[in-house]
Amino acid sequence: MKIASYNINGIKARLPAVTDWLTEAQPDVVIFQEIKSVDENFPREHFEDMGYNVETHGQKSFNGVAILSKRPLEDVARGLPGAEGTGRDGEDDEQARYIEATVVGDQSAVRICGLYLPNGNPVGDEKFAYKLRWMERLEKRAKELLALEQPFLMAGDYNVIPQGIDALHPENWQDDALFQPESRGAFWRLQNLGLTEAFRARNQAAEQFTFWDFQRGAWQRNDGIRIDHFLLSPQCADLLEDCQIDKEVRGRDKPSDHVPIWVELAA
C-alpha cells in the first residue's frame with residue numbers, strides 16, 4: 001500500500017499539477033494539506049473519476065486537510081481531539097488541520113491520521129503557544145492510538161525541522177518557530193512514545209528536503225527544509241518497505257512550495 005502526503009498549497013491553483021502527479025505516482029492513499037477550500041467546493045467528483053474515495057475537513061481560504069483513497073475510507077473523524085471547551089471530536093477548534101480514517105489493505109488495516117500542524121510564527125506570540133498546545137494534543141492522541149496496539153501513522157506537514165541536517169542553512173532558522181527547541185522537543189517526544197520517523201529510518205543522507213520557499217530562488221539553490229513527515233506506530237513500522245520524496249515535482253509548472261513524500265507498506 002503506497003501512502004503519500006502532499007501539502008498542495010491551494011487545490012484551486014494546483015489541480016492540474018496534482019492531477020499529473022497522481023496519474024504518475026498512483027498512490028493508493030494520499031493525504032492533502034492546505035486545500036484552502038470549504039468541503040462543498042473541493043473538486044470531489046474530479047478525484048472520484050480518478051478512482052479515489054474522498055473525505056475532507058475544509059475551511060474557507062485557509063488550512064484544510066483531505067484523505068483520498070482507492071480503497072474505502074472507514075470510521076472517518078475530523079478535528080484533533082482535545083480542543084479547549086470540546087469533547088473528543090474537537091468541533092470547536094476553528095482551524096481545520098486534522099482528519100483520521102481507516103483503510104483496510106490486503107494484509108492489514110491502517111489508521112491514517114492526516115495533519116497540518118500550525119506554523120507558529122512569530123515566536124513569542126499566541127500563534128507559537130497554539131502550536132505547542134496543538135502538539136500536546138497530538139501527543140495525547142498518539143498515546144490513545146498506541147494503546148490500541150494497531151497499525152497507524154501520523155503524516156503531513158508538521159512545520160518542524162527536526163535536526164540541523166534537515167535544512168541547507170540551519171543557522172537561518174534559529175529564530176523561526178519551525179526550529180525552536182520547544183517545537184523540536186515536542187516532535188521528539190512523539191517519537192519517544194515509540195513512533196518511527198519513516199524517512200530517516202530509510203535514508204540518513206543530508207540535503208533531503210520537502211519544502212522550498214517561493215522567494216529568493218530557494219528552489220534553484222536547493223535552499224530547502226524537511227518539514228513533511230511520517231510517524232509510524234510499532235505495528236505500522238513493521239510493515240514499512242520504503243519512504244521517498246518526489247523532489248522533482250517542485251520544478252514543474254505552477255508547483256506547490258512543498259513536494260509529496262510517501263511510504264510503501266506491506267499492508
# chains A, B, ... in the order shown; residues from 1 in each chain; ligands from 1
>>> residues_around(residues="A:Ser108", least_positions_apart="2", cutoff="8 Å", atoms="only C-alpha atoms", output="list in words")
Val104, Gly105, Asp106, Val110, Pro151 and Ala267 of chain A
>>> closest_atom_pairs(of="stretch 89-148 of chain A", to="stretch 42-61 of chain A", cutoff="12 Å", atoms="only C-alpha atoms", output="tab-separated table")
residue	atom	partner	partner_atom	distance
A:Glu91	CA	A:His57	CA	11.1
A:Asp93	CA	A:Gln59	CA	11.4
A:Glu94	CA	A:Gln59	CA	8.5
A:Gln95	CA	A:Gln59	CA	7.3
A:Ala96	CA	A:Gly58	CA	5.9
A:Arg97	CA	A:His57	CA	7.6
A:Tyr98	CA	A:His57	CA	7.3
A:Ile99	CA	A:His57	CA	6.6
A:Glu100	CA	A:Glu55	CA	9.4
A:Ala101	CA	A:Glu55	CA	8.7
A:Thr102	CA	A:Glu55	CA	11.6
A:Val103	CA	A:Asn53	CA	10.8
A:Ile112	CA	A:Glu55	CA	11.9
A:Gly114	CA	A:His57	CA	10.2
A:Leu115	CA	A:His57	CA	10.5
A:Tyr116	CA	A:His57	CA	11.2
>>> write_last_selection(atoms="C-alpha atoms", output="CSV table (one decimal), in the first residue's frame")
chain,number,residue,atom,x,y,z
A,91,GLU,CA,-15.5,20.6,16.9
A,93,ASP,CA,-11.2,24.1,17.0
A,94,GLU,CA,-11.8,26.6,14.2
A,95,GLN,CA,-8.7,25.7,12.3
A,96,ALA,CA,-9.3,22.6,10.0
A,97,ARG,CA,-6.0,20.8,10.5
A,98,TYR,CA,-6.7,17.1,11.2
A,99,ILE,CA,-8.5,14.1,9.8
A,100,GLU,CA,-8.5,10.4,10.5
A,101,ALA,CA,-9.8,7.4,8.6
A,102,THR,CA,-9.1,3.6,8.5
A,103,VAL,CA,-8.0,1.9,5.2
A,112,ILE,CA,-4.5,7.2,8.7
A,114,GLY,CA,-3.6,13.4,8.4
A,115,LEU,CA,-2.3,16.6,9.9
A,116,TYR,CA,-1.3,20.1,9.1
>>> atom_distance(atom1="atom CA of A:Asp223", atom2="atom CA of A:Ile165")
12.2 Å
>>> closest_atom_pairs(of="stretch 7-60 of chain A", to="stretch 226-235 of chain A", cutoff="12 Å", atoms="only C-alpha atoms", output="CSV")
residue,atom,partner,partner_atom,distance
A:Asn7,CA,A:Asp228,CA,8.3
A:Ile8,CA,A:Asp228,CA,11.9
A:Ile31,CA,A:Phe230,CA,11.0
A:Phe32,CA,A:Asp228,CA,11.3
A:Gln33,CA,A:Asp228,CA,10.3
>>> atom_distance(atom1="atom CA of A:Ile3", atom2="atom CA of A:Arg221")
29.0 Å
>>> residues_around(residues="A:Pro118", least_positions_apart="4", cutoff="12 Å", atoms="only C-alpha atoms", output="PDB file with all heavy atoms, in the first residue's frame")
ATOM      1  N   GLN A  33      -2.695  18.537   2.541  1.00  0.00           N
ATOM      2  CA  GLN A  33      -2.784  19.642   3.487  1.00  0.00           C
ATOM      3  C   GLN A  33      -2.936  20.944   2.720  1.00  0.00           C
ATOM      4  O   GLN A  33      -2.573  21.040   1.553  1.00  0.00           O
ATOM      5  CB  GLN A  33      -1.528  19.727   4.375  1.00  0.00           C
ATOM      6  CG  GLN A  33      -1.240  18.482   5.181  1.00  0.00           C
ATOM      7  CD  GLN A  33      -0.345  17.516   4.432  1.00  0.00           C
ATOM      8  OE1 GLN A  33       0.653  17.905   3.837  1.00  0.00           O
ATOM      9  NE2 GLN A  33      -0.711  16.238   4.462  1.00  0.00           N
ATOM     10  N   GLU A  34      -3.448  21.945   3.412  1.00  0.00           N
ATOM     11  CA  GLU A  34      -3.680  23.283   2.842  1.00  0.00           C
ATOM     12  C   GLU A  34      -4.506  23.208   1.558  1.00  0.00           C
ATOM     13  O   GLU A  34      -4.142  23.792   0.541  1.00  0.00           O
ATOM     14  CB  GLU A  34      -2.352  24.013   2.593  1.00  0.00           C
ATOM     15  CG  GLU A  34      -1.790  24.677   3.833  1.00  0.00           C
ATOM     16  CD  GLU A  34      -0.813  25.792   3.499  1.00  0.00           C
ATOM     17  OE1 GLU A  34       0.374  25.505   3.283  1.00  0.00           O
ATOM     18  OE2 GLU A  34      -1.241  26.967   3.475  1.00  0.00           O
ATOM     19  N   PHE A  62      -8.168  29.057   4.059  1.00  0.00           N
ATOM     20  CA  PHE A  62      -7.014  28.697   4.868  1.00  0.00           C
ATOM     21  C   PHE A  62      -7.054  27.213   5.224  1.00  0.00           C
ATOM     22  O   PHE A  62      -8.115  26.586   5.244  1.00  0.00           O
ATOM     23  CB  PHE A  62      -6.969  29.509   6.167  1.00  0.00           C
ATOM     24  CG  PHE A  62      -6.833  30.984   5.975  1.00  0.00           C
ATOM     25  CD1 PHE A  62      -7.947  31.807   6.011  1.00  0.00           C
ATOM     26  CD2 PHE A  62      -5.588  31.558   5.745  1.00  0.00           C
ATOM     27  CE1 PHE A  62      -7.831  33.179   5.835  1.00  0.00           C
ATOM     28  CE2 PHE A  62      -5.460  32.930   5.563  1.00  0.00           C
ATOM     29  CZ  PHE A  62      -6.587  33.737   5.610  1.00  0.00           C
ATOM     30  N   ASN A  63      -5.862  26.668   5.548  1.00  0.00           N
ATOM     31  CA  ASN A  63      -5.756  25.332   6.143  1.00  0.00           C
ATOM     32  C   ASN A  63      -6.515  24.286   5.317  1.00  0.00           C
ATOM     33  O   ASN A  63      -6.517  24.331   4.106  1.00  0.00           O
ATOM     34  CB  ASN A  63      -6.252  25.357   7.592  1.00  0.00           C
ATOM     35  CG  ASN A  63      -5.549  26.415   8.423  1.00  0.00           C
ATOM     36  OD1 ASN A  63      -4.352  26.625   8.277  1.00  0.00           O
ATOM     37  ND2 ASN A  63      -6.293  27.088   9.286  1.00  0.00           N
ATOM     38  N   GLY A  64      -7.142  23.338   5.982  1.00  0.00           N
ATOM     39  CA  GLY A  64      -7.924  22.305   5.326  1.00  0.00           C
ATOM     40  C   GLY A  64      -7.089  21.084   4.979  1.00  0.00           C
ATOM     41  O   GLY A  64      -5.963  21.184   4.488  1.00  0.00           O
ATOM     42  N   GLN A  95      -9.669  25.914  13.329  1.00  0.00           N
ATOM     43  CA  GLN A  95      -8.712  25.670  12.263  1.00  0.00           C
ATOM     44  C   GLN A  95      -8.779  24.201  11.825  1.00  0.00           C
ATOM     45  O   GLN A  95      -8.552  23.298  12.625  1.00  0.00           O
ATOM     46  CB  GLN A  95      -7.308  26.037  12.722  1.00  0.00           C
ATOM     47  CG  GLN A  95      -7.181  27.512  13.106  1.00  0.00           C
ATOM     48  CD  GLN A  95      -5.757  27.934  13.367  1.00  0.00           C
ATOM     49  OE1 GLN A  95      -4.817  27.363  12.830  1.00  0.00           O
ATOM     50  NE2 GLN A  95      -5.593  28.956  14.197  1.00  0.00           N
ATOM     51  N   ALA A  96      -9.093  23.995  10.561  1.00  0.00           N
ATOM     52  CA  ALA A  96      -9.261  22.640  10.013  1.00  0.00           C
ATOM     53  C   ALA A  96      -7.893  22.062   9.672  1.00  0.00           C
ATOM     54  O   ALA A  96      -7.343  22.317   8.590  1.00  0.00           O
ATOM     55  CB  ALA A  96     -10.155  22.694   8.783  1.00  0.00           C
ATOM     56  N   ARG A  97      -7.365  21.258  10.588  1.00  0.00           N
ATOM     57  CA  ARG A  97      -5.980  20.803  10.465  1.00  0.00           C
ATOM     58  C   ARG A  97      -5.803  19.291  10.644  1.00  0.00           C
ATOM     59  O   ARG A  97      -4.666  18.812  10.578  1.00  0.00           O
ATOM     60  CB  ARG A  97      -5.097  21.513  11.503  1.00  0.00           C
ATOM     61  CG  ARG A  97      -4.962  23.011  11.280  1.00  0.00           C
ATOM     62  CD  ARG A  97      -4.042  23.634  12.313  1.00  0.00           C
ATOM     63  NE  ARG A  97      -3.780  25.045  12.045  1.00  0.00           N
ATOM     64  CZ  ARG A  97      -2.817  25.490  11.256  1.00  0.00           C
ATOM     65  NH1 ARG A  97      -2.011  24.619  10.651  1.00  0.00           N
ATOM     66  NH2 ARG A  97      -2.631  26.777  11.057  1.00  0.00           N
ATOM     67  N   TYR A  98      -6.865  18.535  10.831  1.00  0.00           N
ATOM     68  CA  TYR A  98      -6.661  17.134  11.201  1.00  0.00           C
ATOM     69  C   TYR A  98      -7.826  16.278  10.731  1.00  0.00           C
ATOM     70  O   TYR A  98      -8.998  16.677  10.839  1.00  0.00           O
ATOM     71  CB  TYR A  98      -6.535  17.021  12.732  1.00  0.00           C
ATOM     72  CG  TYR A  98      -6.117  15.675  13.255  1.00  0.00           C
ATOM     73  CD1 TYR A  98      -4.771  15.318  13.328  1.00  0.00           C
ATOM     74  CD2 TYR A  98      -7.066  14.753  13.687  1.00  0.00           C
ATOM     75  CE1 TYR A  98      -4.388  14.088  13.824  1.00  0.00           C
ATOM     76  CE2 TYR A  98      -6.679  13.512  14.187  1.00  0.00           C
ATOM     77  CZ  TYR A  98      -5.341  13.186  14.252  1.00  0.00           C
ATOM     78  OH  TYR A  98      -4.956  11.968  14.738  1.00  0.00           O
ATOM     79  N   PRO A 122       4.812  34.459  14.676  1.00  0.00           N
ATOM     80  CA  PRO A 122       6.137  34.680  15.255  1.00  0.00           C
ATOM     81  C   PRO A 122       6.288  34.045  16.638  1.00  0.00           C
ATOM     82  O   PRO A 122       5.320  33.930  17.390  1.00  0.00           O
ATOM     83  CB  PRO A 122       6.228  36.207  15.349  1.00  0.00           C
ATOM     84  CG  PRO A 122       4.804  36.638  15.553  1.00  0.00           C
ATOM     85  CD  PRO A 122       3.971  35.673  14.750  1.00  0.00           C
ATOM     86  N   GLU A 126       0.906  34.434  20.439  1.00  0.00           N
ATOM     87  CA  GLU A 126      -0.100  33.411  20.712  1.00  0.00           C
ATOM     88  C   GLU A 126      -0.053  32.297  19.676  1.00  0.00           C
ATOM     89  O   GLU A 126      -0.371  31.141  19.988  1.00  0.00           O
ATOM     90  CB  GLU A 126      -1.497  34.048  20.734  1.00  0.00           C
ATOM     91  CG  GLU A 126      -2.671  33.068  20.703  1.00  0.00           C
ATOM     92  CD  GLU A 126      -2.663  32.051  21.837  1.00  0.00           C
ATOM     93  OE1 GLU A 126      -2.085  32.340  22.900  1.00  0.00           O
ATOM     94  OE2 GLU A 126      -3.240  30.965  21.648  1.00  0.00           O
ATOM     95  N   LYS A 127       0.383  32.600  18.460  1.00  0.00           N
ATOM     96  CA  LYS A 127       0.457  31.573  17.423  1.00  0.00           C
ATOM     97  C   LYS A 127       1.446  30.472  17.802  1.00  0.00           C
ATOM     98  O   LYS A 127       1.226  29.288  17.504  1.00  0.00           O
ATOM     99  CB  LYS A 127       0.847  32.199  16.086  1.00  0.00           C
ATOM    100  CG  LYS A 127      -0.233  33.097  15.499  1.00  0.00           C
ATOM    101  CD  LYS A 127       0.199  33.677  14.169  1.00  0.00           C
ATOM    102  CE  LYS A 127      -0.890  34.552  13.571  1.00  0.00           C
ATOM    103  NZ  LYS A 127      -0.486  35.156  12.281  1.00  0.00           N
ATOM    104  N   PHE A 128       2.542  30.849  18.442  1.00  0.00           N
ATOM    105  CA  PHE A 128       3.512  29.835  18.870  1.00  0.00           C
ATOM    106  C   PHE A 128       2.958  29.023  20.030  1.00  0.00           C
ATOM    107  O   PHE A 128       3.137  27.802  20.095  1.00  0.00           O
ATOM    108  CB  PHE A 128       4.835  30.495  19.261  1.00  0.00           C
ATOM    109  CG  PHE A 128       5.942  29.515  19.522  1.00  0.00           C
ATOM    110  CD1 PHE A 128       6.355  28.637  18.533  1.00  0.00           C
ATOM    111  CD2 PHE A 128       6.571  29.465  20.760  1.00  0.00           C
ATOM    112  CE1 PHE A 128       7.382  27.730  18.769  1.00  0.00           C
ATOM    113  CE2 PHE A 128       7.594  28.572  21.000  1.00  0.00           C
ATOM    114  CZ  PHE A 128       8.006  27.701  20.003  1.00  0.00           C
ATOM    115  N   ALA A 129       2.254  29.671  20.935  1.00  0.00           N
ATOM    116  CA  ALA A 129       1.631  28.953  22.049  1.00  0.00           C
ATOM    117  C   ALA A 129       0.588  27.956  21.532  1.00  0.00           C
ATOM    118  O   ALA A 129       0.479  26.830  22.037  1.00  0.00           O
ATOM    119  CB  ALA A 129       0.994  29.944  23.020  1.00  0.00           C
ATOM    120  N   TYR A 130      -0.175  28.371  20.512  1.00  0.00           N
ATOM    121  CA  TYR A 130      -1.168  27.474  19.909  1.00  0.00           C
ATOM    122  C   TYR A 130      -0.490  26.265  19.276  1.00  0.00           C
ATOM    123  O   TYR A 130      -0.964  25.131  19.397  1.00  0.00           O
ATOM    124  CB  TYR A 130      -1.985  28.247  18.872  1.00  0.00           C
ATOM    125  CG  TYR A 130      -2.965  27.405  18.089  1.00  0.00           C
ATOM    126  CD1 TYR A 130      -4.072  26.828  18.707  1.00  0.00           C
ATOM    127  CD2 TYR A 130      -2.796  27.189  16.728  1.00  0.00           C
ATOM    128  CE1 TYR A 130      -4.983  26.062  17.987  1.00  0.00           C
ATOM    129  CE2 TYR A 130      -3.692  26.429  15.993  1.00  0.00           C
ATOM    130  CZ  TYR A 130      -4.783  25.865  16.635  1.00  0.00           C
ATOM    131  OH  TYR A 130      -5.671  25.095  15.915  1.00  0.00           O
ATOM    132  N   LYS A 131       0.631  26.502  18.614  1.00  0.00           N
ATOM    133  CA  LYS A 131       1.390  25.403  18.004  1.00  0.00           C
ATOM    134  C   LYS A 131       1.772  24.367  19.058  1.00  0.00           C
ATOM    135  O   LYS A 131       1.584  23.157  18.867  1.00  0.00           O
ATOM    136  CB  LYS A 131       2.654  25.949  17.334  1.00  0.00           C
ATOM    137  CG  LYS A 131       3.561  24.899  16.686  1.00  0.00           C
ATOM    138  CD  LYS A 131       4.879  25.527  16.257  1.00  0.00           C
ATOM    139  CE  LYS A 131       5.745  24.575  15.477  1.00  0.00           C
ATOM    140  NZ  LYS A 131       5.476  24.616  14.028  1.00  0.00           N
ATOM    141  N   LEU A 132       2.299  24.833  20.184  1.00  0.00           N
ATOM    142  CA  LEU A 132       2.748  23.907  21.228  1.00  0.00           C
ATOM    143  C   LEU A 132       1.575  23.189  21.879  1.00  0.00           C
ATOM    144  O   LEU A 132       1.662  21.998  22.195  1.00  0.00           O
ATOM    145  CB  LEU A 132       3.578  24.655  22.268  1.00  0.00           C
ATOM    146  CG  LEU A 132       4.875  25.297  21.747  1.00  0.00           C
ATOM    147  CD1 LEU A 132       5.611  25.982  22.887  1.00  0.00           C
ATOM    148  CD2 LEU A 132       5.770  24.275  21.061  1.00  0.00           C
ATOM    149  N   ARG A 133       0.451  23.892  22.075  1.00  0.00           N
ATOM    150  CA  ARG A 133      -0.742  23.226  22.615  1.00  0.00           C
ATOM    151  C   ARG A 133      -1.253  22.167  21.642  1.00  0.00           C
ATOM    152  O   ARG A 133      -1.686  21.083  22.052  1.00  0.00           O
ATOM    153  CB  ARG A 133      -1.850  24.248  22.908  1.00  0.00           C
ATOM    154  CG  ARG A 133      -1.560  25.185  24.065  1.00  0.00           C
ATOM    155  CD  ARG A 133      -2.837  25.865  24.562  1.00  0.00           C
ATOM    156  NE  ARG A 133      -3.563  26.570  23.512  1.00  0.00           N
ATOM    157  CZ  ARG A 133      -3.348  27.845  23.180  1.00  0.00           C
ATOM    158  NH1 ARG A 133      -2.414  28.550  23.814  1.00  0.00           N
ATOM    159  NH2 ARG A 133      -4.065  28.429  22.235  1.00  0.00           N
ATOM    160  N   TRP A 134      -1.207  22.485  20.367  1.00  0.00           N
ATOM    161  CA  TRP A 134      -1.652  21.547  19.339  1.00  0.00           C
ATOM    162  C   TRP A 134      -0.793  20.281  19.359  1.00  0.00           C
ATOM    163  O   TRP A 134      -1.289  19.163  19.241  1.00  0.00           O
ATOM    164  CB  TRP A 134      -1.588  22.229  17.973  1.00  0.00           C
ATOM    165  CG  TRP A 134      -2.553  21.719  16.951  1.00  0.00           C
ATOM    166  CD1 TRP A 134      -3.779  22.228  16.644  1.00  0.00           C
ATOM    167  CD2 TRP A 134      -2.359  20.608  16.053  1.00  0.00           C
ATOM    168  NE1 TRP A 134      -4.362  21.509  15.621  1.00  0.00           N
ATOM    169  CE2 TRP A 134      -3.512  20.508  15.250  1.00  0.00           C
ATOM    170  CE3 TRP A 134      -1.336  19.685  15.869  1.00  0.00           C
ATOM    171  CZ2 TRP A 134      -3.662  19.525  14.260  1.00  0.00           C
ATOM    172  CZ3 TRP A 134      -1.476  18.706  14.896  1.00  0.00           C
ATOM    173  CH2 TRP A 134      -2.630  18.637  14.113  1.00  0.00           C
ATOM    174  N   MET A 135       0.501  20.476  19.546  1.00  0.00           N
ATOM    175  CA  MET A 135       1.413  19.325  19.598  1.00  0.00           C
ATOM    176  C   MET A 135       1.175  18.485  20.845  1.00  0.00           C
ATOM    177  O   MET A 135       1.324  17.253  20.820  1.00  0.00           O
ATOM    178  CB  MET A 135       2.863  19.796  19.507  1.00  0.00           C
ATOM    179  CG  MET A 135       3.196  20.472  18.189  1.00  0.00           C
ATOM    180  SD  MET A 135       4.946  20.882  17.961  1.00  0.00           S
ATOM    181  CE  MET A 135       5.588  19.278  17.441  1.00  0.00           C
ATOM    182  N   LEU A 138      -1.731  16.379  19.976  1.00  0.00           N
ATOM    183  CA  LEU A 138      -1.322  15.314  19.063  1.00  0.00           C
ATOM    184  C   LEU A 138      -0.629  14.193  19.820  1.00  0.00           C
ATOM    185  O   LEU A 138      -0.867  13.005  19.539  1.00  0.00           O
ATOM    186  CB  LEU A 138      -0.387  15.890  17.997  1.00  0.00           C
ATOM    187  CG  LEU A 138      -0.003  14.933  16.860  1.00  0.00           C
ATOM    188  CD1 LEU A 138      -1.217  14.531  16.045  1.00  0.00           C
ATOM    189  CD2 LEU A 138       1.066  15.574  15.964  1.00  0.00           C
ATOM    190  N   GLY A 156       1.933  14.236   7.481  1.00  0.00           N
ATOM    191  CA  GLY A 156       1.531  15.542   6.986  1.00  0.00           C
ATOM    192  C   GLY A 156       2.640  16.564   7.122  1.00  0.00           C
ATOM    193  O   GLY A 156       3.813  16.235   7.297  1.00  0.00           O
ATOM    194  N   ASP A 157       2.233  17.819   7.045  1.00  0.00           N
ATOM    195  CA  ASP A 157       3.138  18.954   7.198  1.00  0.00           C
ATOM    196  C   ASP A 157       3.208  19.281   8.688  1.00  0.00           C
ATOM    197  O   ASP A 157       2.293  19.878   9.249  1.00  0.00           O
ATOM    198  CB  ASP A 157       2.604  20.140   6.397  1.00  0.00           C
ATOM    199  CG  ASP A 157       3.458  21.392   6.545  1.00  0.00           C
ATOM    200  OD1 ASP A 157       4.465  21.348   7.281  1.00  0.00           O
ATOM    201  OD2 ASP A 157       3.110  22.419   5.935  1.00  0.00           O
ATOM    202  N   TYR A 158       4.305  18.878   9.314  1.00  0.00           N
ATOM    203  CA  TYR A 158       4.482  19.086  10.750  1.00  0.00           C
ATOM    204  C   TYR A 158       4.988  20.490  11.068  1.00  0.00           C
ATOM    205  O   TYR A 158       4.978  20.892  12.232  1.00  0.00           O
ATOM    206  CB  TYR A 158       5.474  18.070  11.313  1.00  0.00           C
ATOM    207  CG  TYR A 158       4.876  16.713  11.618  1.00  0.00           C
ATOM    208  CD1 TYR A 158       4.585  15.816  10.610  1.00  0.00           C
ATOM    209  CD2 TYR A 158       4.623  16.326  12.929  1.00  0.00           C
ATOM    210  CE1 TYR A 158       4.050  14.565  10.891  1.00  0.00           C
ATOM    211  CE2 TYR A 158       4.093  15.077  13.230  1.00  0.00           C
ATOM    212  CZ  TYR A 158       3.813  14.197  12.205  1.00  0.00           C
ATOM    213  OH  TYR A 158       3.283  12.954  12.493  1.00  0.00           O
ATOM    214  N   ASN A 159       5.483  21.226  10.074  1.00  0.00           N
ATOM    215  CA  ASN A 159       6.078  22.537  10.324  1.00  0.00           C
ATOM    216  C   ASN A 159       7.129  22.462  11.428  1.00  0.00           C
ATOM    217  O   ASN A 159       7.231  23.343  12.290  1.00  0.00           O
ATOM    218  CB  ASN A 159       4.999  23.569  10.662  1.00  0.00           C
ATOM    219  CG  ASN A 159       4.477  24.290   9.422  1.00  0.00           C
ATOM    220  OD1 ASN A 159       5.264  24.719   8.578  1.00  0.00           O
ATOM    221  ND2 ASN A 159       3.162  24.407   9.306  1.00  0.00           N
ATOM    222  N   VAL A 160       7.925  21.394  11.387  1.00  0.00           N
ATOM    223  CA  VAL A 160       9.033  21.198  12.320  1.00  0.00           C
ATOM    224  C   VAL A 160      10.244  20.704  11.535  1.00  0.00           C
ATOM    225  O   VAL A 160      10.137  19.740  10.766  1.00  0.00           O
ATOM    226  CB  VAL A 160       8.688  20.185  13.427  1.00  0.00           C
ATOM    227  CG1 VAL A 160       9.929  19.897  14.289  1.00  0.00           C
ATOM    228  CG2 VAL A 160       7.553  20.695  14.305  1.00  0.00           C
ATOM    229  N   ALA A 177       9.879  29.550  14.329  1.00  0.00           N
ATOM    230  CA  ALA A 177       9.116  28.593  15.133  1.00  0.00           C
ATOM    231  C   ALA A 177       9.348  27.145  14.705  1.00  0.00           C
ATOM    232  O   ALA A 177       9.225  26.226  15.516  1.00  0.00           O
ATOM    233  CB  ALA A 177       7.623  28.917  15.055  1.00  0.00           C
ATOM    234  N   LEU A 178       9.698  26.930  13.440  1.00  0.00           N
ATOM    235  CA  LEU A 178       9.891  25.581  12.935  1.00  0.00           C
ATOM    236  C   LEU A 178      11.121  24.896  13.522  1.00  0.00           C
ATOM    237  O   LEU A 178      11.222  23.662  13.501  1.00  0.00           O
ATOM    238  CB  LEU A 178      10.007  25.583  11.409  1.00  0.00           C
ATOM    239  CG  LEU A 178       8.717  25.672  10.602  1.00  0.00           C
ATOM    240  CD1 LEU A 178       7.954  26.957  10.859  1.00  0.00           C
ATOM    241  CD2 LEU A 178       8.994  25.508   9.112  1.00  0.00           C
ATOM    242  N   SER A 183       9.548  23.284  19.743  1.00  0.00           N
ATOM    243  CA  SER A 183       8.910  22.596  18.626  1.00  0.00           C
ATOM    244  C   SER A 183       9.595  21.259  18.359  1.00  0.00           C
ATOM    245  O   SER A 183       8.939  20.214  18.206  1.00  0.00           O
ATOM    246  CB  SER A 183       8.965  23.457  17.352  1.00  0.00           C
ATOM    247  OG  SER A 183       8.425  24.734  17.578  1.00  0.00           O
ATOM    248  N   ILE A 227      10.155  19.271   6.370  1.00  0.00           N
ATOM    249  CA  ILE A 227       9.148  19.505   7.409  1.00  0.00           C
ATOM    250  C   ILE A 227       7.912  18.623   7.242  1.00  0.00           C
ATOM    251  O   ILE A 227       6.983  18.705   8.052  1.00  0.00           O
ATOM    252  CB  ILE A 227       8.718  20.988   7.469  1.00  0.00           C
ATOM    253  CG1 ILE A 227       8.201  21.488   6.121  1.00  0.00           C
ATOM    254  CG2 ILE A 227       9.875  21.854   7.969  1.00  0.00           C
ATOM    255  CD1 ILE A 227       7.666  22.927   6.153  1.00  0.00           C
TER     256      ILE A 227
END
>>> closest_residue(among="A:Gln191, A:Asn172, A:Thr19, A:Gln208", to="A:Leu153", atoms="only C-alpha atoms")
A:Gln191
>>> select_by_dssp(residues="stretch 5-238 of chain A", states="strand (DSSP E)", output="PyMOL selection string")
chain A and resi 5-7+29-33+53-57+65-69+73-78+98-104+109-116+152-157+196-197+211-212+224-225+228-232
>>> closest_residue(among="A:Val38, A:Ala206, A:Leu190, A:Ile11", to="A:Gln163", atoms="only C-alpha atoms")
A:Ala206
>>> residues_around(residues="A:Asp253", least_positions_apart="6", cutoff="10 Å", atoms="only C-alpha atoms", output="JSON, numbers by chain")
{"A": [14, 16, 17]}
>>> closest_residue(among="A:Gly120, A:Pro162, A:Pro27, A:Gly194", to="A:Lys2", atoms="only C-alpha atoms")
A:Pro27
>>> closest_residue(among="A:Asp246, A:Asp175, A:Asp28, A:Glu241", to="A:Asn121", atoms="only C-alpha atoms")
A:Asp175
>>> residues_around(residues="A:His169", least_positions_apart="2", cutoff="10 Å", atoms="only C-alpha atoms", output="ChimeraX atom specification")
/A:164-167,171-174,207,223-225
>>> atom_distance(atom1="atom CA of A:Ile245", atom2="atom CA of A:Phe214")
18.6 Å
>>> closest_residue(among="A:Glu136, A:Val18, A:Val123, A:Val65", to="A:Gln180", atoms="only C-alpha atoms")
A:Val123
